[in-house]
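J.: Below you'll find structure_28.txt; it's compact mmCIF, C-alpha atoms.
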```txt
# COMPACT_ATOMS: atom_id res chain seq x y z
CA MET A 1 0.00 0.00 0.00
CA MET A 2 2.85 2.37 0.92
CA PHE A 3 4.55 1.48 -2.42
CA ALA A 4 1.37 2.39 -4.32
CA SER A 5 1.08 5.61 -2.37
CA LYS A 6 4.64 6.56 -3.26
CA ASN A 7 3.94 5.87 -6.93
CA LYS A 8 0.93 8.16 -6.81
CA LYS A 9 3.08 10.88 -5.28
CA TYR A 10 5.74 10.45 -7.98
CA LEU A 11 3.11 10.50 -10.73
CA LEU A 12 1.48 13.58 -9.26
CA ALA A 13 4.87 15.28 -9.02
CA GLY A 14 5.58 14.36 -12.65
CA PHE A 15 2.30 15.80 -13.86
CA VAL A 16 2.92 19.00 -11.93
CA THR A 17 6.42 19.28 -13.41
CA LEU A 18 5.09 18.79 -16.95
CA ALA A 19 2.34 21.31 -16.40
CA LEU A 20 4.76 23.89 -15.04
CA SER A 21 7.14 23.22 -17.95
CA GLY A 22 4.30 23.86 -20.37
CA VAL A 23 3.46 27.12 -18.64
CA VAL A 24 7.11 28.19 -18.82
CA LEU A 25 7.35 27.30 -22.52
CA LEU A 26 4.16 29.15 -23.36
CA SER A 27 5.27 32.15 -21.38
CA CYS A 28 8.50 32.30 -23.43
CA HIS A 29 6.56 32.75 -26.67
CA LYS A 30 5.22 36.11 -27.67
CA THR A 31 1.61 36.38 -28.75
CA ASP A 32 -0.14 38.87 -30.98
CA ALA A 33 -3.29 40.85 -30.19
CA ASN A 34 -5.43 37.79 -31.02
CA GLY A 35 -3.50 35.50 -28.70
CA ASN A 36 -1.72 33.66 -31.50
CA VAL A 37 1.82 32.52 -30.77
CA VAL A 38 4.36 34.61 -32.66
CA VAL A 39 7.23 32.48 -34.02
CA PRO A 40 10.60 34.19 -33.40
CA GLU A 41 12.30 35.20 -36.62
CA SER A 42 15.26 33.19 -37.85
CA MET A 43 16.64 32.34 -41.27
CA THR A 44 13.90 29.71 -41.72
CA ALA A 45 11.04 31.01 -39.57
CA GLY A 46 9.03 34.12 -38.78
CA LYS A 47 7.25 36.67 -40.94
CA ILE A 48 8.65 39.18 -43.39
CA THR A 49 7.40 41.29 -46.29
CA VAL A 50 9.50 41.20 -49.46
CA LEU A 51 8.91 43.77 -52.19
CA VAL A 52 9.49 42.30 -55.66
CA ASP A 53 9.94 44.01 -59.01
CA GLU A 54 6.69 43.13 -60.76
CA SER A 55 8.47 42.28 -64.01
CA VAL A 56 10.09 39.21 -62.35
CA GLN A 57 7.05 38.29 -60.26
CA PRO A 58 6.39 34.74 -61.59
CA VAL A 59 9.82 33.22 -60.92
CA ILE A 60 10.07 34.70 -57.42
CA GLU A 61 6.58 33.42 -56.61
CA SER A 62 7.72 29.93 -57.58
CA VAL A 63 10.72 30.13 -55.24
CA VAL A 64 8.61 31.51 -52.38
CA ASP A 65 6.03 28.71 -52.77
CA VAL A 66 8.68 25.99 -52.49
CA PHE A 67 10.42 27.81 -49.64
CA HIS A 68 7.13 27.82 -47.70
CA SER A 69 6.64 24.09 -48.30
CA VAL A 70 10.13 23.33 -46.96
CA TYR A 71 9.92 25.72 -44.00
CA PRO A 72 6.30 25.82 -42.76
CA ASN A 73 7.15 28.30 -39.98
CA ALA A 74 8.35 30.84 -42.54
CA HIS A 75 5.81 33.32 -43.91
CA ILE A 76 7.03 35.56 -46.73
CA ASN A 77 4.52 38.16 -47.86
CA GLN A 78 5.49 38.87 -51.47
CA VAL A 79 4.33 42.29 -52.63
CA ASN A 80 4.82 42.94 -56.36
CA THR A 81 5.31 46.55 -57.34
CA THR A 82 7.39 48.94 -59.44
CA GLU A 83 11.09 49.58 -59.05
CA ASN A 84 10.57 53.21 -58.01
CA GLU A 85 8.10 52.22 -55.31
CA ILE A 86 10.53 49.59 -54.01
CA VAL A 87 13.36 52.11 -53.74
CA ASN A 88 11.10 54.68 -52.05
CA ALA A 89 10.00 52.07 -49.51
CA MET A 90 13.61 51.17 -48.76
CA LEU A 91 14.66 54.79 -48.32
CA GLY A 92 11.61 55.28 -46.11
CA ASP A 93 12.79 52.37 -43.93
CA SER A 94 9.49 50.52 -44.37
CA VAL A 95 11.05 47.38 -45.89
CA THR A 96 14.37 45.59 -45.47
CA THR A 97 14.34 42.83 -48.12
CA VAL A 98 13.59 43.36 -51.80
CA VAL A 99 14.09 41.75 -55.21
CA MET A 100 15.16 44.08 -58.02
CA THR A 101 16.91 43.99 -61.39
CA ARG A 102 19.66 46.30 -60.17
CA PRO A 103 21.53 47.03 -56.95
CA LEU A 104 21.08 50.42 -55.29
CA SER A 105 22.98 53.38 -56.68
CA LYS A 106 25.76 54.99 -54.64
CA LYS A 107 23.44 57.85 -53.71
CA GLU A 108 20.71 55.46 -52.56
CA GLU A 109 23.26 53.33 -50.72
CA ASN A 110 24.40 56.32 -48.67
CA HIS A 111 21.08 56.24 -46.81
CA PHE A 112 22.18 52.99 -45.20
CA THR A 113 25.95 53.40 -45.01
CA LYS A 114 25.65 56.60 -42.98
CA HIS A 115 23.92 54.48 -40.35
CA GLY A 116 26.70 51.92 -40.45
CA MET A 117 24.58 49.29 -42.22
CA THR A 118 26.26 47.03 -44.75
CA PRO A 119 23.83 45.43 -47.21
CA GLU A 120 23.91 41.83 -48.35
CA VAL A 121 23.40 41.74 -52.11
CA THR A 122 22.79 38.32 -53.64
CA PHE A 123 22.93 37.88 -57.41
CA VAL A 124 20.55 35.00 -58.19
CA ALA A 125 19.75 34.97 -61.93
CA THR A 126 19.95 36.66 -65.32
CA ASP A 127 16.64 37.79 -66.78
CA ALA A 128 15.68 38.81 -70.32
CA LEU A 129 13.08 41.12 -71.79
CA ALA A 130 10.95 39.49 -74.47
CA VAL A 131 9.60 41.47 -77.42
CA ILE A 132 6.08 40.21 -78.16
CA THR A 133 3.30 40.73 -80.67
CA ALA A 134 -0.10 39.16 -81.28
CA GLY A 135 -0.84 36.34 -83.69
CA LYS A 136 1.56 34.89 -86.25
CA PRO A 137 3.14 37.80 -88.14
CA ALA A 138 4.97 37.28 -91.41
CA ASP A 139 8.05 39.01 -90.00
CA THR A 140 9.10 37.47 -86.69
CA THR A 141 12.22 39.63 -86.26
CA ILE A 142 12.87 43.15 -85.05
CA THR A 143 15.97 45.29 -84.70
CA THR A 144 17.13 47.14 -81.62
CA ALA A 145 17.52 50.21 -83.84
CA GLU A 146 13.76 50.33 -84.52
CA ILE A 147 12.97 49.93 -80.81
CA PHE A 148 15.41 52.70 -79.90
CA LYS A 149 13.88 54.98 -82.55
CA VAL A 150 10.53 54.87 -80.79
CA LEU A 151 12.15 55.35 -77.39
CA LYS A 152 13.88 58.47 -78.75
CA GLY A 153 10.65 59.85 -80.20
CA GLU A 154 11.59 59.16 -83.80
CA PRO A 155 9.18 57.58 -86.33
CA SER A 156 9.53 53.84 -86.97
CA ALA A 157 8.32 52.00 -90.05
CA ARG A 158 8.26 48.73 -88.08
CA ILE A 159 6.60 49.81 -84.81
CA SER A 160 3.34 51.74 -84.78
CA LYS A 161 2.65 51.18 -81.08
CA LEU A 162 5.27 50.24 -78.49
CA VAL A 163 3.62 48.91 -75.33
CA LEU A 164 5.50 49.19 -72.04
CA ASP A 165 4.55 48.48 -68.46
CA ASN A 166 4.41 51.10 -65.70
CA PRO A 167 6.60 54.19 -66.32
CA ASN A 168 8.08 53.65 -62.82
CA SER A 169 9.17 50.10 -63.61
CA GLY A 170 12.64 48.64 -63.82
CA THR A 171 11.89 47.59 -67.41
CA VAL A 172 11.30 51.17 -68.55
CA ARG A 173 14.39 52.38 -66.66
CA TYR A 174 16.49 49.67 -68.34
CA LEU A 175 15.21 50.49 -71.83
CA MET A 176 15.88 54.20 -71.31
CA GLU A 177 19.46 53.38 -70.36
CA GLN A 178 19.90 51.13 -73.40
CA ALA A 179 18.48 53.77 -75.76
CA GLY A 180 20.46 56.55 -74.11
CA VAL A 181 17.45 58.77 -73.36
CA GLN A 182 16.67 60.77 -70.23
CA LYS A 183 12.95 61.22 -70.83
CA LEU A 184 10.56 58.97 -72.68
CA PRO A 185 8.37 60.51 -75.38
CA VAL A 186 4.60 60.11 -75.39
CA ASN A 187 4.22 59.52 -79.13
CA ASN A 188 3.74 55.89 -80.21
CA ILE A 189 4.28 54.59 -76.66
CA ILE A 190 1.45 53.13 -74.59
CA TYR A 191 1.91 52.42 -70.90
CA GLN A 192 0.07 49.79 -68.92
CA LYS A 193 -0.22 49.31 -65.16
CA ASN A 194 1.74 46.04 -65.05
CA SER A 195 2.98 43.10 -67.12
CA ALA A 196 -0.34 41.24 -67.08
CA GLU A 197 -2.18 44.23 -68.52
CA LEU A 198 0.60 44.74 -71.08
CA ILE A 199 0.24 41.17 -72.35
CA THR A 200 -3.55 41.51 -72.56
CA PHE A 201 -3.29 44.82 -74.42
CA VAL A 202 -0.86 43.46 -77.01
CA ASN A 203 -3.11 40.46 -77.59
CA ASN A 204 -6.15 42.68 -78.09
CA ASN A 205 -4.35 45.12 -80.40
CA PRO A 206 -2.76 43.29 -83.35
CA GLY A 207 0.20 45.14 -84.80
CA SER A 208 1.32 46.53 -81.45
CA ILE A 209 4.63 45.40 -79.97
CA GLY A 210 5.25 44.97 -76.27
CA ILE A 211 8.31 44.41 -74.11
CA VAL A 212 7.90 42.25 -71.00
CA GLY A 213 9.93 40.07 -68.65
CA VAL A 214 10.46 36.73 -70.39
CA ASP A 215 9.24 34.75 -67.38
CA TRP A 216 5.74 36.16 -67.92
CA VAL A 217 5.82 34.38 -71.29
CA ASN A 218 7.51 31.20 -70.09
CA GLU A 219 5.33 30.73 -67.01
CA PRO A 220 2.13 32.74 -67.44
CA THR A 221 -0.54 32.81 -64.77
CA PRO A 222 -3.57 30.55 -65.40
CA GLN A 223 -5.58 33.62 -66.43
CA LEU A 224 -3.01 34.50 -69.11
CA GLN A 225 -2.28 30.99 -70.39
CA LYS A 226 -4.58 31.19 -73.45
CA VAL A 227 -3.55 34.77 -74.16
CA VAL A 228 0.16 33.95 -74.19
CA GLU A 229 -0.45 31.03 -76.55
CA ASN A 230 -1.66 33.58 -79.11
CA LEU A 231 1.50 35.68 -78.86
CA THR A 232 4.74 35.48 -80.82
CA VAL A 233 8.10 36.24 -79.25
CA LEU A 234 10.15 38.14 -81.81
CA ALA A 235 13.83 37.49 -82.47
CA VAL A 236 16.00 40.57 -81.85
CA ASP A 237 19.24 41.44 -83.59
CA ASN A 238 22.52 41.85 -81.76
CA VAL A 239 25.34 43.29 -83.83
CA LYS A 240 27.75 42.83 -80.92
CA ALA A 241 27.13 39.08 -80.64
CA LYS A 242 29.97 36.90 -81.88
CA SER A 243 27.80 34.22 -83.46
CA GLU A 244 28.47 32.39 -86.70
CA GLY A 245 25.59 32.83 -89.13
CA ALA A 246 22.69 33.96 -86.92
CA THR A 247 22.08 37.66 -86.40
CA PHE A 248 18.65 37.53 -84.72
CA PHE A 249 18.11 35.81 -81.39
CA LYS A 250 15.22 34.84 -79.13
CA PRO A 251 15.48 35.05 -75.31
CA SER A 252 16.30 31.38 -74.73
CA GLN A 253 18.52 30.24 -71.86
CA SER A 254 21.30 29.30 -74.28
CA ASN A 255 21.20 32.71 -76.00
CA ILE A 256 21.12 34.50 -72.64
CA GLY A 257 24.06 32.46 -71.38
CA ALA A 258 26.11 32.95 -74.55
CA GLY A 259 25.48 36.69 -74.55
CA PHE A 260 23.68 36.58 -77.90
CA TYR A 261 20.38 38.10 -76.75
CA PRO A 262 20.69 41.90 -76.38
CA PHE A 263 18.12 42.68 -73.66
CA THR A 264 19.32 40.94 -70.49
CA ARG A 265 19.58 42.08 -66.88
CA LYS A 266 20.48 40.58 -63.51
CA ILE A 267 18.14 39.77 -60.62
CA TYR A 268 19.27 40.55 -57.08
CA VAL A 269 17.94 39.91 -53.60
CA LEU A 270 18.88 42.96 -51.51
CA ASN A 271 18.93 42.63 -47.72
CA TYR A 272 19.14 45.52 -45.30
CA GLN A 273 18.01 43.69 -42.16
CA GLY A 274 21.33 44.02 -40.41
CA TYR A 275 21.04 40.53 -38.92
CA LYS A 276 20.70 36.91 -40.02
CA GLY A 277 16.93 36.90 -40.39
CA LEU A 278 14.36 35.43 -42.74
CA GLY A 279 15.39 37.79 -45.55
CA ILE A 280 18.91 36.37 -45.54
CA GLY A 281 17.52 32.84 -45.32
CA PHE A 282 15.36 33.41 -48.39
CA ALA A 283 18.25 34.92 -50.33
CA ASN A 284 20.48 31.97 -49.45
CA TYR A 285 17.76 29.51 -50.47
CA THR A 286 17.25 31.25 -53.82
CA ARG A 287 21.00 31.16 -54.41
CA ALA A 288 21.34 27.51 -53.30
CA GLU A 289 20.82 24.48 -55.55
CA VAL A 290 17.05 24.07 -55.09
CA GLY A 291 16.35 27.74 -55.75
CA GLN A 292 18.63 27.71 -58.77
CA ARG A 293 16.80 24.67 -60.17
CA ILE A 294 13.49 26.53 -59.86
CA ILE A 295 15.00 29.46 -61.75
CA LEU A 296 16.39 27.13 -64.41
CA LYS A 297 12.95 25.56 -64.88
CA SER A 298 11.40 29.01 -65.32
CA GLY A 299 13.46 29.69 -68.42
CA LEU A 300 15.78 32.25 -66.85
CA LEU A 301 19.51 31.73 -66.43
CA PRO A 302 20.44 30.86 -62.83
CA GLN A 303 23.61 32.31 -61.35
CA ASP A 304 24.85 28.74 -60.90
CA ILE A 305 23.59 26.17 -63.38
CA PRO A 306 22.80 23.04 -61.32
CA THR A 307 24.68 19.95 -62.40
CA ARG A 308 22.84 16.91 -63.61
CA GLU A 309 24.36 13.54 -62.76
CA ILE A 310 23.66 10.60 -65.04
CA GLN A 311 24.45 7.13 -63.80
CA ILE A 312 25.03 4.44 -66.43
CA ILE A 313 24.37 0.93 -65.24
CA LYS A 314 25.87 -1.95 -67.24
CA GLU A 315 23.79 -5.08 -67.12
```
Represent the structure of the file as structure tokens.
T.:
Amino acid sequence: MMFASKNKKYLLAGFVTLALSGVVLLSCHKTDANGNVVVPESMTAGKITVLVDESVQPVIESVVDVFHSVYPNAHINQVNTTENEIVNAMLGDSVTTVVMTRPLSKKEENHFTKHGMTPEVTFVATDALAVITAGKPADTTITTAEIFKVLKGEPSARISKLVLDNPNSGTVRYLMEQAGVQKLPVNNIIYQKNSAELITFVNNNPGSIGIVGVDWVNEPTPQLQKVVENLTVLAVDNVKAKSEGATFFKPSQSNIGAGFYPFTRKIYVLNYQGYKGLGIGFANYTRAEVGQRIILKSGLLPQDIPTREIQIIKE
């Protein structure tokens, strides 16, 4: 009887210890206003908002989706917007992790360096801008000279309407740099709110020519699938390309990698967290093998092309 009594005491003591341990563990976790446990941020957990250049939205969404499946305690809120809005948000200290097609300029960087903050800039892929038109035109080529004519406000026999995305976008900024212009003209150029609206406009206006991130063509959203199937990606000339025979090139991975396609740009993950948080974890994942394979599948050129091992078995 005394043995049974001692057992009961030990069991009761055990239950009390477990209960107290549970209280201590719960008390260590922070909770939000609704009483939900807030997971502490680390490189694979927590919550963070990442602003993404809308022109590379599809490929980054693919990486974020897989990242979430691998790390269920990580919650990345991807907000797709224009390059100018991303930079303004960074300089306003309202965001610390972004994806853009350029690093910050020296002037923009000074905002952070004067506070002693060193950014972590991760180059993850090379992107291309596709030149698209509706239907199946007889001429499936276009020259950079004709595109630059329109960007400079000059008349073009080949392009009656050049369709671009938002004037504040990284795409427009890149094209202005390539054409060597400081201000875009209004004649023969039509702006849309984003890439999705640009694709829809080009499809609904035969004869117009649009310029969009190639991933929007390679991996369109379900709503744009049928629309993209009706589009033709034009081959663009590159007089600087050292290629035997061909003078016009489409934005394929091989042409991007060989430097044959003229309209290419790099994709960066910029981190200004100042600590090893979820932003750094996401950048590292995108740069690691799995992230690079996702980028390769999207049709862009990853920074590191994943190796493919083939095992030959002799029977």
J.: Taking into account only C-alpha atoms, which residue in the set A:Leu301, A:Val56, A:Ala235, A:Val202 is nearest to A:Ile190?
T.: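 For A:Ile190, the nearest of the given residues is A:Val202.
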J.: Smallest atom-to-atom distance to A:Ser160: which of A:Thr143, A:Asn88, A:Gln78, A:Asn188, using only C-alpha atoms?
T.: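 Of the candidates, the smallest distance to A:Ser160 is held by A:Asn188.
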J.: Using Å and a single decimal, report how far atom CA of A:Thr122 sits from atom CA of A:Ala283.
T.: 6.6 Å
J.: Pick out the residues sitting within 6 Å of stretch 129-140 of chain A, and hand them over as a PyMOL selection string; count all atoms listed in the file, and ignore anything fewer than 2 positions along from it in its own chain.
T.: chain A and resi 203+206+209-214+230-234+263
J.: Filtering to C-alpha atoms, could you give me those residues as a PDB file, keeping the file's coordinate frame?
T.:
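After the write, out_11.pdb holds the following:
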```
ATOM      1  CA  ASN A 203      -3.110  40.460 -77.590  1.00  0.00           C
ATOM      2  CA  PRO A 206      -2.760  43.290 -83.350  1.00  0.00           C
ATOM      3  CA  ILE A 209       4.630  45.400 -79.970  1.00  0.00           C
ATOM      4  CA  GLY A 210       5.250  44.970 -76.270  1.00  0.00           C
ATOM      5  CA  ILE A 211       8.310  44.410 -74.110  1.00  0.00           C
ATOM      6  CA  VAL A 212       7.900  42.250 -71.000  1.00  0.00           C
ATOM      7  CA  GLY A 213       9.930  40.070 -68.650  1.00  0.00           C
ATOM      8  CA  VAL A 214      10.460  36.730 -70.390  1.00  0.00           C
ATOM      9  CA  ASN A 230      -1.660  33.580 -79.110  1.00  0.00           C
ATOM     10  CA  LEU A 231       1.500  35.680 -78.860  1.00  0.00           C
ATOM     11  CA  THR A 232       4.740  35.480 -80.820  1.00  0.00           C
ATOM     12  CA  VAL A 233       8.100  36.240 -79.250  1.00  0.00           C
ATOM     13  CA  LEU A 234      10.150  38.140 -81.810  1.00  0.00           C
ATOM     14  CA  PHE A 263      18.120  42.680 -73.660  1.00  0.00           C
TER      15      PHE A 263
END
```
J.: Between atom CA of A:Gln223 and atom CA of A:Thr101, what is the distance, to one decimal in Å?
T.: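 One can read the atom CA of A:Gln223 to atom CA of A:Thr101 distance as 25.3 Å.
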J.: Just give me the gap between atom CA of A:Val227 and atom CA of A:Leu300 in Å, one decimal is fine.
T.: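 Calculated distance between atom CA of A:Val227 and atom CA of A:Leu300 is 20.8 Å.
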J.: Report as a list in words all protein, DNA and RNA residues lying within 12 Å of A:Gln182, evaluated on only C-alpha atoms, omitting residues in the same chain fewer than 6 positions from it.
T.: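 So, after excluding close chain neighbours, the residues are Leu151, Lys152, Gly153, Val172, Arg173, Tyr174, Leu175 and Met176 of chain A.
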J.: Hey, can you pull every residue with an atom no more than 7 Å from (6.5, 29.8, -39.2), using all atoms listed in the file, and send it as a PyMOL selection string?
T.: chain A and resi 39+45-46+72-75
J.: Nearest to A:Ser195: which of A:Gly259, A:Gly180, A:Pro155, A:Gly170 is it, counting only C-alpha atoms?
T.: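 Closest residue, counting only C-alpha atoms: A:Gly170.
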J.: Have a look at A:Glu154, A:Glu120, A:Asp165, A:Asp215 and name the one nearest to A:Pro185; count all atoms listed in the file.
T.: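 Using all atoms listed in the file, A:Pro185 sits closest to A:Glu154.
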J.: Kindly indicate which residue among A:Val66, A:Val236, A:Ile189, A:Ala157 lies nearest to A:Ile142, using only C-alpha atoms for the distances.
T.: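 Of all the options, A:Val236 lies closest to A:Ile142.
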J.: Rank nothing, just name the residue among A:Val186, A:Val150, A:Ile280, A:Ala179 nearest to A:Glu41, using only C-alpha atoms.
T.: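 Using only C-alpha atoms, A:Glu41 sits closest to A:Ile280.
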J.: Using all atoms listed in the file, which residues sit within 10 Å of A:Gly274 once same-chain residues fewer than 4 positions away are excluded, as a list in words?
T.: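 That gives Thr96, Gly116, Met117, Thr118, Pro119, Glu120 and Ile280 of chain A.
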